[in-house]
Structures are given as C-alpha cells and as structure tokens.
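Text of my_file_4.tsv (TSV, C-alpha atoms) as supplied:
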```tsv
chain	number	residue	atom	x	y	z
Q	1	MET	CA	27.44	50.95	31.14
Q	2	LYS	CA	30.14	50.88	28.47
Q	3	LYS	CA	31.09	47.36	29.55
Q	4	MET	CA	27.48	46.14	29.17
Q	5	MET	CA	26.93	47.58	25.69
Q	6	PRO	CA	28.72	44.73	23.79
Q	7	TRP	CA	26.80	42.14	25.87
Q	8	LEU	CA	23.46	43.80	25.13
Q	9	ALA	CA	24.24	44.01	21.42
Q	10	THR	CA	25.23	40.32	21.38
Q	11	MET	CA	22.06	39.29	23.23
Q	12	LEU	CA	19.85	41.36	20.91
Q	13	LEU	CA	21.57	39.85	17.86
Q	14	ALA	CA	21.19	36.31	19.25
Q	15	ILE	CA	17.48	36.79	19.98
Q	16	THR	CA	16.89	38.26	16.54
Q	17	LEU	CA	18.72	35.34	14.93
Q	18	ILE	CA	16.67	32.80	16.88
Q	19	VAL	CA	13.40	34.49	15.89
Q	20	VAL	CA	14.44	34.52	12.21
Q	21	VAL	CA	15.40	30.82	12.30
Q	22	VAL	CA	12.11	29.84	13.98
Q	23	PHE	CA	10.14	31.91	11.46
Q	24	VAL	CA	11.91	30.33	8.48
Q	25	PHE	CA	11.49	26.84	9.97
Q	26	MET	CA	7.76	27.37	10.54
Q	27	GLN	CA	7.27	28.66	7.00
Q	28	GLY	CA	9.06	25.59	5.63
Q	29	GLN	CA	6.85	23.26	7.67
Q	30	SER	CA	3.58	24.81	6.55
Q	31	GLY	CA	4.73	24.68	2.92
Q	32	ASN	CA	5.39	20.94	3.19
Q	33	LYS	CA	1.96	20.32	4.69
Q	34	ASP	CA	0.26	22.07	1.79
Q	35	ASP	CA	2.24	20.00	-0.72
Q	36	THR	CA	1.40	16.81	1.17
Q	37	HIS	CA	-2.29	17.60	1.26
Q	38	THR	CA	-2.31	18.48	-2.43
Q	39	ALA	CA	-0.52	15.26	-3.35
Q	40	ALA	CA	-2.79	13.20	-1.12
Q	41	ALA	CA	-5.86	14.85	-2.61
Q	42	SER	CA	-4.78	14.06	-6.15
Q	43	GLU	CA	-3.94	10.45	-5.24
Q	44	ALA	CA	-7.16	9.98	-3.30
Q	45	LYS	CA	-9.29	11.06	-6.26
Q	46	LYS	CA	-12.26	8.76	-6.15
Q	47	MET	CA	-12.83	6.59	-9.15
Q	48	THR	CA	-16.25	6.11	-10.68
Q	49	ALA	CA	-17.79	2.65	-10.82
Q	50	ASP	CA	-17.03	2.42	-14.56
Q	51	GLU	CA	-13.37	3.33	-13.99
Q	52	ILE	CA	-13.07	0.68	-11.28
Q	53	VAL	CA	-14.56	-1.96	-13.57
Q	54	GLU	CA	-12.15	-0.98	-16.37
Q	55	VAL	CA	-9.10	-1.74	-14.20
Q	56	SER	CA	-10.42	-4.64	-12.09
Q	57	SER	CA	-10.25	-8.37	-12.59
Q	58	GLU	CA	-11.68	-11.38	-10.76
Q	59	LEU	CA	-10.17	-14.80	-10.23
Q	60	GLY	CA	-12.75	-17.45	-9.40
Q	61	GLU	CA	-12.75	-20.11	-6.75
Q	62	ILE	CA	-9.44	-21.73	-5.82
Q	63	LYS	CA	-9.41	-24.76	-3.50
Q	64	THR	CA	-6.15	-25.82	-1.91
Q	65	ASN	CA	-4.47	-26.97	1.30
Q	66	LEU	CA	-2.80	-24.56	3.66
Q	67	ALA	CA	0.59	-25.03	5.32
Q	68	ASP	CA	-1.03	-26.78	8.25
Q	69	THR	CA	-2.25	-29.81	6.32
Q	70	ASP	CA	-5.44	-30.27	8.32
Q	71	HIS	CA	-6.96	-27.08	6.82
Q	72	VAL	CA	-8.37	-26.43	3.36
Q	73	VAL	CA	-9.13	-22.99	1.96
Q	74	ILE	CA	-11.57	-21.97	-0.76
Q	75	VAL	CA	-10.86	-18.44	-1.98
Q	76	SER	CA	-11.77	-15.99	-4.70
Q	77	PHE	CA	-9.81	-12.83	-5.40
Q	78	SER	CA	-10.38	-9.44	-6.95
Q	79	PHE	CA	-7.50	-7.46	-8.38
Q	80	LYS	CA	-7.21	-3.76	-9.12
Q	81	LEU	CA	-4.64	-2.81	-11.74
Q	82	THR	CA	-3.12	0.56	-12.62
Q	83	ASP	CA	-4.63	0.93	-16.10
Q	84	LYS	CA	-6.51	-0.81	-18.94
Q	85	THR	CA	-3.41	-2.22	-20.66
Q	86	ALA	CA	-2.20	-3.73	-17.39
Q	87	LYS	CA	-5.63	-5.34	-17.00
Q	88	GLU	CA	-5.49	-6.76	-20.52
Q	89	ASP	CA	-2.06	-8.30	-19.85
Q	90	PHE	CA	-3.24	-9.59	-16.49
Q	91	GLU	CA	-6.30	-11.25	-18.04
Q	92	LYS	CA	-4.06	-13.14	-20.47
Q	93	ILE	CA	-1.83	-14.63	-17.77
Q	94	LYS	CA	-4.04	-14.93	-14.70
Q	95	GLU	CA	-4.82	-18.64	-15.13
Q	96	ILE	CA	-1.31	-19.72	-16.14
Q	97	VAL	CA	0.86	-17.43	-14.00
Q	98	VAL	CA	-1.18	-15.75	-11.27
Q	99	LYS	CA	-3.17	-18.78	-10.11
Q	100	PRO	CA	-0.04	-20.90	-9.45
Q	101	ILE	CA	1.51	-18.00	-7.49
Q	102	ILE	CA	-1.60	-17.86	-5.32
Q	103	ILE	CA	-1.62	-21.62	-4.74
Q	104	GLN	CA	2.08	-21.65	-3.80
Q	105	THR	CA	1.62	-18.69	-1.45
Q	106	LEU	CA	-1.38	-20.34	0.22
Q	107	ALA	CA	0.65	-23.55	0.62
Q	108	ASP	CA	3.13	-21.56	2.75
Q	109	THR	CA	0.39	-19.89	4.82
Q	110	LYS	CA	-1.07	-21.20	8.06
Q	111	SER	CA	-4.77	-20.93	8.85
Q	112	GLU	CA	-4.04	-18.66	11.85
Q	113	GLU	CA	-2.48	-16.11	9.50
Q	114	LEU	CA	-5.71	-15.85	7.52
Q	115	ALA	CA	-8.00	-15.87	10.55
Q	116	THR	CA	-7.66	-12.14	11.28
Q	117	ALA	CA	-8.23	-9.05	9.18
Q	118	LYS	CA	-4.63	-7.94	9.77
Q	119	GLY	CA	-3.34	-11.31	8.61
Q	120	ARG	CA	-5.44	-11.14	5.46
Q	121	ILE	CA	-4.18	-7.63	4.70
Q	122	LEU	CA	-0.57	-8.80	5.08
Q	123	PHE	CA	-1.29	-11.82	2.87
Q	124	ASN	CA	-2.82	-9.57	0.18
Q	125	GLU	CA	0.18	-7.22	0.29
Q	126	LYS	CA	2.57	-10.16	-0.06
Q	127	LEU	CA	0.52	-11.55	-2.94
Q	128	THR	CA	0.43	-8.17	-4.68
Q	129	GLY	CA	4.24	-7.98	-4.56
Q	130	LEU	CA	4.68	-11.51	-5.91
Q	131	ILE	CA	2.23	-10.97	-8.76
Q	132	ASN	CA	3.79	-7.60	-9.67
Q	133	GLU	CA	7.12	-9.39	-10.19
Q	134	ALA	CA	5.43	-11.72	-12.68
Q	135	LEU	CA	3.53	-9.10	-14.69
Q	136	PRO	CA	5.14	-8.19	-18.02
Q	137	GLU	CA	3.90	-4.57	-17.98
Q	138	GLY	CA	1.83	-2.38	-15.70
Q	139	ASN	CA	1.26	-2.89	-12.04
Q	140	LEU	CA	-1.20	-4.51	-9.74
Q	141	SER	CA	-2.25	-1.84	-7.25
Q	142	SER	CA	-4.21	-4.05	-4.87
Q	143	THR	CA	-5.38	-7.58	-4.20
Q	144	SER	CA	-8.34	-8.47	-2.03
Q	145	PHE	CA	-10.38	-11.50	-1.08
Q	146	SER	CA	-13.77	-11.72	-2.78
Q	147	SER	CA	-14.60	-14.72	-0.64
Q	148	ILE	CA	-12.72	-16.99	1.73
Q	149	VAL	CA	-13.68	-20.18	3.54
Q	150	ILE	CA	-11.22	-22.02	5.77
Q	151	ALA	CA	-12.31	-25.53	6.68
Q	152	THR	CA	-10.82	-28.28	8.79
Q	153	MET	CA	-10.37	-31.64	7.10
```
What does this structure look like when you write it as structure tokens?
Amino acid sequence: MKKMMPWLATMLLAITLIVVVVFVFMQGQSGNKDDTHTAAASEAKKMTADEIVEVSSELGEIKTNLADTDHVVIVSFSFKLTDKTAKEDFEKIKEIVVKPIIIQTLADTKSEELATAKGRILFNEKLTGLINEALPEGNLSSTSFSSIVIATM
C-alpha cells in the first residue's frame, strides 16, 4: 500500500489539473462568444430609412462593352457610404472619378462573371475596393447593382 500512495497522489493531482484546465478553457470560450454576439449586435444595428438615404448615392445608367466584345452591359449602381461627409465627397467625384473606374472594371469583366449572383457579389466587392482607394476621405461600405442588362451585339 505504501508503494501505491505516491501513484495515487500523482493520479489525483493529474485529474484535478485536467479538470481545472478544462474549466478555465470553457469559461474563456463562453466569454468570447458573449463578446462576439455583443459586437455583432452593435454592428448589425438596423438603420432607419432616413439614415440609409443620408449615406446612400446613386449613379445612373452606364452603357459599355464587356471584355468579351460581343456583349454590351447597361448598369446602374447604388452606393452606401460610412457617413454624411463621405457621401458629400463621393457626390463631388462620382462622375469624374468613380464612373471611369466602373467603366474600366466592366471592360475587364466577361459576361459569364456577371451572369450569376455570386459573380455579381464578387464584382461589387472588387468595385468597392477600387473606389475606396480613390476616395479622398471616408469609406464606401457597399456597392450594389440598381439595374443590369447584358445584351449580345
């Protein structure tokens, strides 16, 4: 029995240590989930219609060729900016800076890329990044198609 006592003490200590580590790990995980949900809830705060209008801008009809030269696209875009000042800056430069960026991006895009919803989402994300680089201040949070027609020539 005397020979087993150190082994029993070691086993009891090991089990206790494992239980403590698991308990601490589980507490840490549940704390992170609460923080994540709180952050997501604050980000996902729904905007009112007036707030959306205050930070949104429209760019009317653009007609241009796509990368495959036998297709023409007619598109309109809506843009959502981060705040009012970003919208004001955007409004000043949308015809002279933003419109050429859109035309150049469409010129590098094939009709198949715009034929699916996933392709359009990827195009809008790419366009948002390119326009954000050109904006003097503020950020463009999203770009979306208001209308799109792809026609064969």
Exercise. Need the neighbours of (0.4, -25.9, 6.0): which residues are at most 7 Å away, counting all atoms listed in the file, as number ranges by chain?
Worked result: Q: 65-69, 107-110
Please write the residues from the selection above to a file, keeping C-alpha atoms, as an mmCIF file, in the coordinates of the input.
```cif
data_model
loop_
_atom_site.group_PDB
_atom_site.id
_atom_site.type_symbol
_atom_site.label_atom_id
_atom_site.label_comp_id
_atom_site.auth_asym_id
_atom_site.auth_seq_id
_atom_site.Cartn_x
_atom_site.Cartn_y
_atom_site.Cartn_z
ATOM 1 C CA ASN Q 65 -4.470 -26.970 1.300
ATOM 2 C CA LEU Q 66 -2.800 -24.560 3.660
ATOM 3 C CA ALA Q 67 0.590 -25.030 5.320
ATOM 4 C CA ASP Q 68 -1.030 -26.780 8.250
ATOM 5 C CA THR Q 69 -2.250 -29.810 6.320
ATOM 6 C CA ALA Q 107 0.650 -23.550 0.620
ATOM 7 C CA ASP Q 108 3.130 -21.560 2.750
ATOM 8 C CA THR Q 109 0.390 -19.890 4.820
ATOM 9 C CA LYS Q 110 -1.070 -21.200 8.060
#
```
Problem set entry | Distance in Å - atom CA of Q:Thr116 versus atom CA of Q:Val97 | 27.2 Å
Exercise. Can you tell me how far atom CA of Q:Leu135 sits from atom CA of Q:Glu88, in Å to one decimal?
Worked result: 11.0 Å
For this session: Find, counting all atoms listed in the file, the residue in Q:Val149, Q:Thr64, Q:Ser57, Q:Thr10 that gets nearest to Q:Ile93.
Result: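 Of the candidates, the smallest distance to Q:Ile93 is held by Q:Ser57.
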Seminar exercise, completed: The residue from Q:Glu113, Q:Ile150, Q:Asp83, Q:Ser141 with the smallest atom-to-atom distance to Q:Val53, counting all atoms listed in the file, is Q:Asp83
For this session: Go ahead and compute the interatomic distance for atom CA of Q:Ser56 and atom CA of Q:Leu81, in Å to one decimal.
Result: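 These two atoms are separated by 6.1 Å.
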Taking 6 positions as the minimum chain separation for residues in the same chain, which residues sit within 12 Å of Q:Ala115 when counting all atoms listed in the file? Answer as a PDB file with C-alpha atoms, in the coordinates of the input.
```
ATOM      1  CA  HIS Q  71      -6.960 -27.080   6.820  1.00  0.00           C
ATOM      2  CA  VAL Q  73      -9.130 -22.990   1.960  1.00  0.00           C
ATOM      3  CA  THR Q 109       0.390 -19.890   4.820  1.00  0.00           C
ATOM      4  CA  ILE Q 121      -4.180  -7.630   4.700  1.00  0.00           C
ATOM      5  CA  LEU Q 122      -0.570  -8.800   5.080  1.00  0.00           C
ATOM      6  CA  PHE Q 123      -1.290 -11.820   2.870  1.00  0.00           C
ATOM      7  CA  ILE Q 148     -12.720 -16.990   1.730  1.00  0.00           C
ATOM      8  CA  VAL Q 149     -13.680 -20.180   3.540  1.00  0.00           C
ATOM      9  CA  ILE Q 150     -11.220 -22.020   5.770  1.00  0.00           C
ATOM     10  CA  ALA Q 151     -12.310 -25.530   6.680  1.00  0.00           C
TER      11      ALA Q 151
END
```
Exercise. Any idea what's packed within 12 Å of Q:Leu127, counting all atoms listed in the file, ignoring anything in its chain fewer than 2 positions away? Could you give it as a PyMOL selection string?
Worked result: chain Q and resi 77-79+98-106+108-109+120-125+129-134+140-145
